[in-house]
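Each remark here refers to the structure printed beneath this line.
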Amino acid sequence: DAKTTQPPSMDCAEGRAANLPCNHSTISGNEYVYWYRQIHSQGPQYIIHGLKNNETNEMASLIITEDRKSSTLILPHATLRDTAVYYCIVGGTSYGKLTFGQGTILTVHP
Amino acid sequence: EAQVTQNPRYLITVTGKKLTVTCSQNMNHEYMSWYRQDPGLGLRQIYYSMNVEVTDKGDVPEGYKVSRKEKRNFPLILESPSPNQTSLYFCASSSLLPEDNYGYTFGSGTRLTVV
């Protein structure tokens with residue numbers, strides 16, 4: 001069973017920040033939070049991951065709450081090309097089995 | 001360019017005719033895996049491999065075989081395909097080194113139809 005809960009869909013205006021929430025209340029101490037996205041039927045694309053601290057890379061920022069029971073993926077300036085299904089996944093390592101839930105369909109509109 | 005290459009991209013075949021979907025990665029990754037994606041069911045792991053000659057079953061291995069004779073290649077074999085194996089298939093690879101923890105790299109997918 002997926003260990004995360006995400007809203008099924010979200011909208012965002014182009015140029016604005018997209019904040020995608022994820023609940024993972026049963027996360028264990030050594031599990032990471034990973035975010036991937038899938039555009040149309042392409043292969044999922046890794047975005048970012050984190051353990052405890054907030055993380056930022058060229059694509060996005062990841063904010064993890066202090067109790068680690070939830071996190072937020074932030075796309076600071078969403079573009080139309082960011083329209084995709086976003087998956088929040090918890091796992092022990094980068095190479096462990098990834099259990100994909102249904103994800104959040106993010107639609108960025110002009 | 002670092003990538004995972006799957007072939008073919010599209011395949012239509014008949015029930016019972018053996019087929020192989022190839023997967024190759026150029027990143028020297030130890031870990032490779034196959035997933036299938038079906039509407040309403042999401043992505044499910046079929047098989048994975050931690051290194052050469054080391055493979056293990058994922059969540060939905062029935063009807064599939066894999067081999068890992070070389071580090072870069074991880075073919076998926078359907079000995080006797082059936083219509084319920086019609087699906088979108090993805091190969092993925094990842095490093096086992098903590099310093100290379102960048103998640104999985106996925107291939108572009110193989111859309112298989114079994115009639």
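By convention in this document, the chains of the structure tokens carry letters A, B, ... by their order, each chain's residues are numbered from 1, and ligands are numbered from 1 in the order they are shown.
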
Exercise. Specify as number ranges by chain all residues of chain B found within 12 Å of chain A, counting only C-alpha atoms.
Key: B: 3-6, 9, 29-51, 56-59, 87-111

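As for CA of Arg68 in chain B and CA of Lys18 in chain B, they are spaced 18.4 Å apart.
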
Quiz prompt | helix (DSSP H, G or I) call set, DSSP backbone run, chain B, as a ChimeraX atom specification | solution = /B:83-85,98-100

Quiz prompt | Coordinates-based distance that separates CA of Ile89 in chain A from CA of Asn7 in chain B (Å, one decimal) | solution = 27.3 Å

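Atom pair CA of Thr4 in chain A / CA of Asn53 in chain A has a distance of 18.6 Å (rounded to one decimal).
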
Practice problem: Write out as a ChimeraX atom specification each polymer residue whose atoms come within 12 Å of Pro7 in chain A, counting only C-alpha atoms; drop sequence neighbours fewer than 3 positions from it. | Solution: /A:4,10-11,19-23,72,85-88,101-106

Dump N, CA, C and O atoms for the selected residues as a PDB file, in the first residue's frame?
```pdb
ATOM      1  N   THR A   4       1.699   7.244   1.317  1.00  0.00           N
ATOM      2  CA  THR A   4       1.533   8.685   1.224  1.00  0.00           C
ATOM      3  C   THR A   4       0.121   9.023   0.778  1.00  0.00           C
ATOM      4  O   THR A   4      -0.555   8.210   0.142  1.00  0.00           O
ATOM      5  N   MET A  10      -4.639  19.562  -8.638  1.00  0.00           N
ATOM      6  CA  MET A  10      -4.417  20.948  -8.250  1.00  0.00           C
ATOM      7  C   MET A  10      -4.233  21.778  -9.509  1.00  0.00           C
ATOM      8  O   MET A  10      -3.775  21.269 -10.538  1.00  0.00           O
ATOM      9  N   ASP A  11      -4.583  23.057  -9.385  1.00  0.00           N
ATOM     10  CA  ASP A  11      -4.367  24.009 -10.469  1.00  0.00           C
ATOM     11  C   ASP A  11      -3.387  25.072 -10.013  1.00  0.00           C
ATOM     12  O   ASP A  11      -3.297  25.381  -8.817  1.00  0.00           O
ATOM     13  N   ASN A  19       2.465  24.722  -4.912  1.00  0.00           N
ATOM     14  CA  ASN A  19       2.781  24.061  -3.646  1.00  0.00           C
ATOM     15  C   ASN A  19       1.997  22.764  -3.563  1.00  0.00           C
ATOM     16  O   ASN A  19       0.784  22.782  -3.398  1.00  0.00           O
ATOM     17  N   LEU A  20       2.698  21.657  -3.660  1.00  0.00           N
ATOM     18  CA  LEU A  20       2.040  20.356  -3.672  1.00  0.00           C
ATOM     19  C   LEU A  20       2.257  19.669  -2.328  1.00  0.00           C
ATOM     20  O   LEU A  20       3.386  19.351  -1.969  1.00  0.00           O
ATOM     21  N   PRO A  21       1.169  19.399  -1.595  1.00  0.00           N
ATOM     22  CA  PRO A  21       1.313  18.786  -0.278  1.00  0.00           C
ATOM     23  C   PRO A  21       1.327  17.264  -0.350  1.00  0.00           C
ATOM     24  O   PRO A  21       0.818  16.653  -1.300  1.00  0.00           O
ATOM     25  N   CYS A  22       1.889  16.684   0.695  1.00  0.00           N
ATOM     26  CA  CYS A  22       1.932  15.221   0.814  1.00  0.00           C
ATOM     27  C   CYS A  22       1.930  14.847   2.292  1.00  0.00           C
ATOM     28  O   CYS A  22       2.710  15.410   3.068  1.00  0.00           O
ATOM     29  N   ASN A  23       1.062  13.941   2.659  1.00  0.00           N
ATOM     30  CA  ASN A  23       1.056  13.413   4.019  1.00  0.00           C
ATOM     31  C   ASN A  23       1.691  12.035   4.048  1.00  0.00           C
ATOM     32  O   ASN A  23       1.375  11.183   3.209  1.00  0.00           O
ATOM     33  N   THR A  72       5.973  19.389   1.552  1.00  0.00           N
ATOM     34  CA  THR A  72       5.441  20.190   0.454  1.00  0.00           C
ATOM     35  C   THR A  72       6.512  20.349  -0.611  1.00  0.00           C
ATOM     36  O   THR A  72       7.646  20.721  -0.305  1.00  0.00           O
ATOM     37  N   VAL A  85       1.732  14.658 -13.578  1.00  0.00           N
ATOM     38  CA  VAL A  85       1.350  13.968 -12.356  1.00  0.00           C
ATOM     39  C   VAL A  85       2.566  13.941 -11.445  1.00  0.00           C
ATOM     40  O   VAL A  85       3.651  13.526 -11.862  1.00  0.00           O
ATOM     41  N   TYR A  86       2.392  14.397 -10.220  1.00  0.00           N
ATOM     42  CA  TYR A  86       3.481  14.469  -9.252  1.00  0.00           C
ATOM     43  C   TYR A  86       3.282  13.407  -8.177  1.00  0.00           C
ATOM     44  O   TYR A  86       2.224  13.324  -7.564  1.00  0.00           O
ATOM     45  N   TYR A  87       4.316  12.613  -7.978  1.00  0.00           N
ATOM     46  CA  TYR A  87       4.259  11.515  -7.021  1.00  0.00           C
ATOM     47  C   TYR A  87       5.164  11.805  -5.826  1.00  0.00           C
ATOM     48  O   TYR A  87       6.336  12.143  -5.995  1.00  0.00           O
ATOM     49  N   CYS A  88       4.596  11.644  -4.665  1.00  0.00           N
ATOM     50  CA  CYS A  88       5.350  11.724  -3.416  1.00  0.00           C
ATOM     51  C   CYS A  88       5.535  10.297  -2.919  1.00  0.00           C
ATOM     52  O   CYS A  88       4.554   9.550  -2.810  1.00  0.00           O
ATOM     53  N   GLY A 101       1.838   5.903  -5.558  1.00  0.00           N
ATOM     54  CA  GLY A 101       0.403   6.041  -5.384  1.00  0.00           C
ATOM     55  C   GLY A 101      -0.208   6.648  -6.635  1.00  0.00           C
ATOM     56  O   GLY A 101       0.339   6.515  -7.732  1.00  0.00           O
ATOM     57  N   GLN A 102      -1.333   7.306  -6.458  1.00  0.00           N
ATOM     58  CA  GLN A 102      -2.019   7.911  -7.609  1.00  0.00           C
ATOM     59  C   GLN A 102      -1.469   9.289  -7.960  1.00  0.00           C
ATOM     60  O   GLN A 102      -1.694   9.787  -9.049  1.00  0.00           O
ATOM     61  N   GLY A 103      -0.771   9.904  -7.011  1.00  0.00           N
ATOM     62  CA  GLY A 103      -0.156  11.188  -7.297  1.00  0.00           C
ATOM     63  C   GLY A 103      -1.150  12.337  -7.369  1.00  0.00           C
ATOM     64  O   GLY A 103      -2.358  12.176  -7.183  1.00  0.00           O
ATOM     65  N   THR A 104      -0.615  13.516  -7.650  1.00  0.00           N
ATOM     66  CA  THR A 104      -1.411  14.727  -7.838  1.00  0.00           C
ATOM     67  C   THR A 104      -1.260  15.199  -9.276  1.00  0.00           C
ATOM     68  O   THR A 104      -0.133  15.382  -9.752  1.00  0.00           O
ATOM     69  N   ILE A 105      -2.389  15.362  -9.949  1.00  0.00           N
ATOM     70  CA  ILE A 105      -2.352  15.926 -11.296  1.00  0.00           C
ATOM     71  C   ILE A 105      -2.281  17.438 -11.150  1.00  0.00           C
ATOM     72  O   ILE A 105      -3.227  18.079 -10.691  1.00  0.00           O
ATOM     73  N   LEU A 106      -1.146  18.010 -11.511  1.00  0.00           N
ATOM     74  CA  LEU A 106      -0.980  19.460 -11.474  1.00  0.00           C
ATOM     75  C   LEU A 106      -1.221  20.016 -12.872  1.00  0.00           C
ATOM     76  O   LEU A 106      -0.565  19.597 -13.824  1.00  0.00           O
TER      77      LEU A 106
END
```

Quiz item: Quick one: residues within 9 Å of Ser67 in chain B, only C-alpha atoms counted, chain neighbours fewer than 3 positions away excluded, as a PyMOL selection string?
Solution: chain B and resi 49+52-55+70+73-77

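Using only C-alpha atoms for every distance, the candidate list B:Pro61, B:Pro83, B:Gly16, B:Pro8 yields B:Pro83 as the residue closest to Thr113 in chain B.
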
Quiz item: Could you name the residues that touch Arg81 in chain A at 12 Å or less, counting only C-alpha atoms, but leaving out those on the same chain fewer than 2 positions away, as number ranges by chain?
Solution: A: 12, 14-15, 37-40, 75, 77-79, 83-85, 106-110

Produce a file of the selected residues containing N, CA and C atoms, as a compact mmCIF listing (two decimals), in the first residue's frame.
```txt
# COMPACT_ATOMS: atom_id res chain seq x y z
N CYS A 12 -2.71 25.65 -10.98
CA CYS A 12 -1.77 26.72 -10.67
C CYS A 12 -1.68 27.63 -11.89
N GLU A 14 0.29 30.06 -14.40
CA GLU A 14 1.66 30.16 -14.91
C GLU A 14 2.39 31.33 -14.26
N GLY A 15 3.62 31.06 -13.83
CA GLY A 15 4.42 32.09 -13.19
C GLY A 15 4.28 32.15 -11.68
N ARG A 37 7.89 13.20 -11.04
CA ARG A 37 6.75 13.63 -11.84
C ARG A 37 6.74 12.85 -13.14
N GLN A 38 5.55 12.76 -13.72
CA GLN A 38 5.37 12.05 -14.97
C GLN A 38 4.54 12.91 -15.90
N ILE A 39 5.13 13.25 -17.01
CA ILE A 39 4.47 14.08 -18.02
C ILE A 39 3.89 13.16 -19.09
N HIS A 40 2.58 13.24 -19.28
CA HIS A 40 1.87 12.35 -20.20
C HIS A 40 2.26 10.92 -19.87
N LEU A 75 7.26 24.33 -6.59
CA LEU A 75 7.80 24.75 -7.88
C LEU A 75 7.69 26.27 -7.89
N HIS A 77 8.23 28.93 -9.81
CA HIS A 77 7.63 29.69 -10.91
C HIS A 77 7.12 28.70 -11.95
N ALA A 78 5.91 28.23 -11.72
CA ALA A 78 5.39 27.17 -12.57
C ALA A 78 5.23 27.62 -14.02
N THR A 79 5.54 26.71 -14.93
CA THR A 79 5.32 26.96 -16.36
C THR A 79 4.36 25.90 -16.90
N THR A 83 3.00 20.99 -16.11
CA THR A 83 1.77 20.20 -16.05
C THR A 83 2.13 18.72 -16.12
N ALA A 84 1.77 17.98 -15.07
CA ALA A 84 2.19 16.58 -14.96
C ALA A 84 1.52 15.95 -13.75
N VAL A 85 1.73 14.66 -13.58
CA VAL A 85 1.35 13.97 -12.36
C VAL A 85 2.57 13.94 -11.44
N LEU A 106 -1.15 18.01 -11.51
CA LEU A 106 -0.98 19.46 -11.47
C LEU A 106 -1.22 20.02 -12.87
N THR A 107 -2.15 20.95 -12.96
CA THR A 107 -2.42 21.62 -14.23
C THR A 107 -2.00 23.07 -14.09
N VAL A 108 -1.07 23.49 -14.90
CA VAL A 108 -0.64 24.89 -14.93
C VAL A 108 -1.34 25.56 -16.10
N HIS A 109 -2.07 26.63 -15.81
CA HIS A 109 -2.83 27.28 -16.87
C HIS A 109 -2.32 28.70 -17.10
N PRO A 110 -2.51 29.19 -18.32
CA PRO A 110 -1.99 30.52 -18.67
C PRO A 110 -2.62 31.62 -17.82
```

Check the DSSP output for the backbone and give back, as an mmCIF file with N, CA, C and O atoms, in the first residue's frame, the residues of chain A in strand (DSSP E or B).
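Written file, out.cif:
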```cif
data_model
loop_
_atom_site.group_PDB
_atom_site.id
_atom_site.type_symbol
_atom_site.label_atom_id
_atom_site.label_comp_id
_atom_site.auth_asym_id
_atom_site.auth_seq_id
_atom_site.Cartn_x
_atom_site.Cartn_y
_atom_site.Cartn_z
ATOM 1 N N THR A 5 -0.314 10.240 1.118
ATOM 2 C CA THR A 5 -1.611 10.751 0.696
ATOM 3 C C THR A 5 -1.403 12.091 0.030
ATOM 4 O O THR A 5 -0.775 12.991 0.619
ATOM 5 N N SER A 9 -5.843 16.358 -7.489
ATOM 6 C CA SER A 9 -5.559 17.343 -8.527
ATOM 7 C C SER A 9 -5.387 18.731 -7.918
ATOM 8 O O SER A 9 -5.891 19.013 -6.830
ATOM 9 N N MET A 10 -4.639 19.562 -8.638
ATOM 10 C CA MET A 10 -4.417 20.948 -8.250
ATOM 11 C C MET A 10 -4.233 21.778 -9.509
ATOM 12 O O MET A 10 -3.775 21.269 -10.538
ATOM 13 N N ASP A 11 -4.583 23.057 -9.385
ATOM 14 C CA ASP A 11 -4.367 24.009 -10.469
ATOM 15 C C ASP A 11 -3.387 25.072 -10.013
ATOM 16 O O ASP A 11 -3.297 25.381 -8.817
ATOM 17 N N CYS A 12 -2.710 25.651 -10.980
ATOM 18 C CA CYS A 12 -1.765 26.724 -10.672
ATOM 19 C C CYS A 12 -1.678 27.634 -11.890
ATOM 20 O O CYS A 12 -1.689 27.151 -13.041
ATOM 21 N N ALA A 13 -1.578 28.933 -11.627
ATOM 22 C CA ALA A 13 -1.402 29.882 -12.721
ATOM 23 C C ALA A 13 0.065 29.946 -13.119
ATOM 24 O O ALA A 13 0.960 29.887 -12.262
ATOM 25 N N ALA A 18 3.785 26.774 -7.314
ATOM 26 C CA ALA A 18 2.914 25.614 -7.110
ATOM 27 C C ALA A 18 3.381 24.898 -5.852
ATOM 28 O O ALA A 18 4.561 24.549 -5.737
ATOM 29 N N ASN A 19 2.465 24.722 -4.912
ATOM 30 C CA ASN A 19 2.781 24.061 -3.646
ATOM 31 C C ASN A 19 1.997 22.764 -3.563
ATOM 32 O O ASN A 19 0.784 22.782 -3.398
ATOM 33 N N LEU A 20 2.698 21.657 -3.660
ATOM 34 C CA LEU A 20 2.040 20.356 -3.672
ATOM 35 C C LEU A 20 2.257 19.669 -2.328
ATOM 36 O O LEU A 20 3.386 19.351 -1.969
ATOM 37 N N PRO A 21 1.169 19.399 -1.595
ATOM 38 C CA PRO A 21 1.313 18.786 -0.278
ATOM 39 C C PRO A 21 1.327 17.264 -0.350
ATOM 40 O O PRO A 21 0.818 16.653 -1.300
ATOM 41 N N CYS A 22 1.889 16.684 0.695
ATOM 42 C CA CYS A 22 1.932 15.221 0.814
ATOM 43 C C CYS A 22 1.930 14.847 2.292
ATOM 44 O O CYS A 22 2.710 15.410 3.068
ATOM 45 N N ASN A 23 1.062 13.941 2.659
ATOM 46 C CA ASN A 23 1.056 13.413 4.019
ATOM 47 C C ASN A 23 1.691 12.035 4.048
ATOM 48 O O ASN A 23 1.375 11.183 3.209
ATOM 49 N N TYR A 32 13.394 8.227 3.423
ATOM 50 C CA TYR A 32 13.454 9.484 2.714
ATOM 51 C C TYR A 32 12.087 9.806 2.105
ATOM 52 O O TYR A 32 11.261 8.922 1.875
ATOM 53 N N VAL A 33 11.900 11.063 1.774
ATOM 54 C CA VAL A 33 10.764 11.505 0.974
ATOM 55 C C VAL A 33 11.289 11.841 -0.420
ATOM 56 O O VAL A 33 12.211 12.647 -0.560
ATOM 57 N N TYR A 34 10.733 11.191 -1.434
ATOM 58 C CA TYR A 34 11.129 11.423 -2.819
ATOM 59 C C TYR A 34 9.952 12.031 -3.582
ATOM 60 O O TYR A 34 8.806 11.703 -3.327
ATOM 61 N N TRP A 35 10.270 12.872 -4.515
ATOM 62 C CA TRP A 35 9.267 13.387 -5.435
ATOM 63 C C TRP A 35 9.701 13.092 -6.864
ATOM 64 O O TRP A 35 10.851 13.326 -7.251
ATOM 65 N N TYR A 36 8.731 12.582 -7.611
ATOM 66 C CA TYR A 36 8.899 12.344 -9.033
ATOM 67 C C TYR A 36 7.722 12.990 -9.756
ATOM 68 O O TYR A 36 6.683 13.259 -9.152
ATOM 69 N N ARG A 37 7.890 13.200 -11.038
ATOM 70 C CA ARG A 37 6.753 13.633 -11.839
ATOM 71 C C ARG A 37 6.738 12.851 -13.140
ATOM 72 O O ARG A 37 7.774 12.375 -13.615
ATOM 73 N N GLN A 38 5.546 12.762 -13.723
ATOM 74 C CA GLN A 38 5.372 12.046 -14.969
ATOM 75 C C GLN A 38 4.542 12.915 -15.903
ATOM 76 O O GLN A 38 3.409 13.267 -15.584
ATOM 77 N N GLN A 45 10.160 11.214 -13.799
ATOM 78 C CA GLN A 45 11.391 12.002 -13.682
ATOM 79 C C GLN A 45 11.630 12.335 -12.231
ATOM 80 O O GLN A 45 10.739 12.881 -11.561
ATOM 81 N N TYR A 46 12.807 12.049 -11.749
ATOM 82 C CA TYR A 46 13.182 12.401 -10.379
ATOM 83 C C TYR A 46 13.235 13.920 -10.243
ATOM 84 O O TYR A 46 13.771 14.628 -11.118
ATOM 85 N N ILE A 47 12.685 14.435 -9.129
ATOM 86 C CA ILE A 47 12.731 15.870 -8.876
ATOM 87 C C ILE A 47 13.666 16.187 -7.716
ATOM 88 O O ILE A 47 14.624 16.951 -7.857
ATOM 89 N N ILE A 48 13.379 15.599 -6.566
ATOM 90 C CA ILE A 48 14.113 15.978 -5.365
ATOM 91 C C ILE A 48 13.835 14.958 -4.284
ATOM 92 O O ILE A 48 12.863 14.200 -4.375
ATOM 93 N N HIS A 49 14.668 14.893 -3.281
ATOM 94 C CA HIS A 49 14.389 14.049 -2.134
ATOM 95 C C HIS A 49 14.979 14.683 -0.884
ATOM 96 O O HIS A 49 15.859 15.566 -0.970
ATOM 97 N N GLY A 50 14.521 14.217 0.276
ATOM 98 C CA GLY A 50 15.038 14.742 1.536
ATOM 99 C C GLY A 50 14.759 13.790 2.679
ATOM 100 O O GLY A 50 13.889 12.918 2.579
ATOM 101 N N GLU A 55 15.215 20.932 1.369
ATOM 102 C CA GLU A 55 16.150 20.788 0.264
ATOM 103 C C GLU A 55 15.712 21.667 -0.902
ATOM 104 O O GLU A 55 14.519 21.903 -1.101
ATOM 105 N N THR A 56 16.704 22.088 -1.660
ATOM 106 C CA THR A 56 16.428 22.891 -2.860
ATOM 107 C C THR A 56 17.397 22.471 -3.951
ATOM 108 O O THR A 56 18.577 22.251 -3.688
ATOM 109 N N SER A 61 11.883 23.027 -4.541
ATOM 110 C CA SER A 61 12.241 22.998 -3.125
ATOM 111 C C SER A 61 11.353 21.991 -2.421
ATOM 112 O O SER A 61 10.191 21.793 -2.815
ATOM 113 N N LEU A 62 11.901 21.379 -1.392
ATOM 114 C CA LEU A 62 11.158 20.412 -0.599
ATOM 115 C C LEU A 62 11.188 20.874 0.846
ATOM 116 O O LEU A 62 12.269 21.054 1.417
ATOM 117 N N ILE A 63 9.989 21.044 1.389
ATOM 118 C CA ILE A 63 9.857 21.456 2.781
ATOM 119 C C ILE A 63 9.275 20.282 3.553
ATOM 120 O O ILE A 63 8.181 19.801 3.222
ATOM 121 N N ILE A 64 9.999 19.811 4.554
ATOM 122 C CA ILE A 64 9.551 18.691 5.383
ATOM 123 C C ILE A 64 9.272 19.221 6.780
ATOM 124 O O ILE A 64 10.105 19.917 7.361
ATOM 125 N N SER A 70 4.609 15.216 7.126
ATOM 126 C CA SER A 70 4.124 15.779 5.878
ATOM 127 C C SER A 70 5.231 16.597 5.223
ATOM 128 O O SER A 70 6.232 16.947 5.859
ATOM 129 N N SER A 71 5.027 16.859 3.950
ATOM 130 C CA SER A 71 6.002 17.660 3.209
ATOM 131 C C SER A 71 5.281 18.416 2.101
ATOM 132 O O SER A 71 4.121 18.108 1.764
ATOM 133 N N THR A 72 5.973 19.389 1.552
ATOM 134 C CA THR A 72 5.441 20.190 0.454
ATOM 135 C C THR A 72 6.512 20.349 -0.611
ATOM 136 O O THR A 72 7.646 20.721 -0.305
ATOM 137 N N LEU A 73 6.145 20.048 -1.820
ATOM 138 C CA LEU A 73 7.006 20.312 -2.962
ATOM 139 C C LEU A 73 6.631 21.677 -3.514
ATOM 140 O O LEU A 73 5.455 21.948 -3.763
ATOM 141 N N ILE A 74 7.613 22.505 -3.715
ATOM 142 C CA ILE A 74 7.363 23.849 -4.234
ATOM 143 C C ILE A 74 8.066 24.021 -5.573
ATOM 144 O O ILE A 74 9.282 23.856 -5.677
ATOM 145 N N LEU A 75 7.265 24.333 -6.592
ATOM 146 C CA LEU A 75 7.805 24.754 -7.883
ATOM 147 C C LEU A 75 7.694 26.270 -7.891
ATOM 148 O O LEU A 75 6.593 26.813 -7.970
ATOM 149 N N ALA A 84 1.766 17.978 -15.067
ATOM 150 C CA ALA A 84 2.194 16.584 -14.957
ATOM 151 C C ALA A 84 1.517 15.950 -13.753
ATOM 152 O O ALA A 84 0.830 16.624 -12.976
ATOM 153 N N VAL A 85 1.732 14.658 -13.578
ATOM 154 C CA VAL A 85 1.350 13.968 -12.356
ATOM 155 C C VAL A 85 2.566 13.941 -11.445
ATOM 156 O O VAL A 85 3.651 13.526 -11.862
ATOM 157 N N TYR A 86 2.392 14.397 -10.220
ATOM 158 C CA TYR A 86 3.481 14.469 -9.252
ATOM 159 C C TYR A 86 3.282 13.407 -8.177
ATOM 160 O O TYR A 86 2.224 13.324 -7.564
ATOM 161 N N TYR A 87 4.316 12.613 -7.978
ATOM 162 C CA TYR A 87 4.259 11.515 -7.021
ATOM 163 C C TYR A 87 5.164 11.805 -5.826
ATOM 164 O O TYR A 87 6.336 12.143 -5.995
ATOM 165 N N CYS A 88 4.596 11.644 -4.665
ATOM 166 C CA CYS A 88 5.350 11.724 -3.416
ATOM 167 C C CYS A 88 5.535 10.297 -2.919
ATOM 168 O O CYS A 88 4.554 9.550 -2.810
ATOM 169 N N ILE A 89 6.746 9.919 -2.621
ATOM 170 C CA ILE A 89 7.051 8.530 -2.285
ATOM 171 C C ILE A 89 7.976 8.509 -1.086
ATOM 172 O O ILE A 89 8.879 9.349 -0.984
ATOM 173 N N VAL A 90 7.753 7.579 -0.186
ATOM 174 C CA VAL A 90 8.697 7.399 0.909
ATOM 175 C C VAL A 90 9.427 6.078 0.703
ATOM 176 O O VAL A 90 8.853 5.097 0.260
ATOM 177 N N GLY A 91 10.703 6.071 1.039
ATOM 178 C CA GLY A 91 11.492 4.865 0.850
ATOM 179 C C GLY A 91 12.806 4.986 1.588
ATOM 180 O O GLY A 91 13.263 6.078 1.909
ATOM 181 N N THR A 104 -0.615 13.516 -7.650
ATOM 182 C CA THR A 104 -1.411 14.727 -7.838
ATOM 183 C C THR A 104 -1.260 15.199 -9.276
ATOM 184 O O THR A 104 -0.133 15.382 -9.752
ATOM 185 N N ILE A 105 -2.389 15.362 -9.949
ATOM 186 C CA ILE A 105 -2.352 15.926 -11.296
ATOM 187 C C ILE A 105 -2.281 17.438 -11.150
ATOM 188 O O ILE A 105 -3.227 18.079 -10.691
ATOM 189 N N LEU A 106 -1.146 18.010 -11.511
ATOM 190 C CA LEU A 106 -0.980 19.460 -11.474
ATOM 191 C C LEU A 106 -1.221 20.016 -12.872
ATOM 192 O O LEU A 106 -0.565 19.597 -13.824
ATOM 193 N N THR A 107 -2.152 20.946 -12.963
ATOM 194 C CA THR A 107 -2.418 21.623 -14.229
ATOM 195 C C THR A 107 -2.003 23.074 -14.089
ATOM 196 O O THR A 107 -2.512 23.787 -13.219
ATOM 197 N N VAL A 108 -1.071 23.494 -14.901
ATOM 198 C CA VAL A 108 -0.642 24.887 -14.925
ATOM 199 C C VAL A 108 -1.339 25.556 -16.096
ATOM 200 O O VAL A 108 -1.219 25.094 -17.241
ATOM 201 N N HIS A 109 -2.074 26.625 -15.809
ATOM 202 C CA HIS A 109 -2.830 27.282 -16.873
ATOM 203 C C HIS A 109 -2.322 28.697 -17.097
ATOM 204 O O HIS A 109 -1.758 29.330 -16.194
#
```
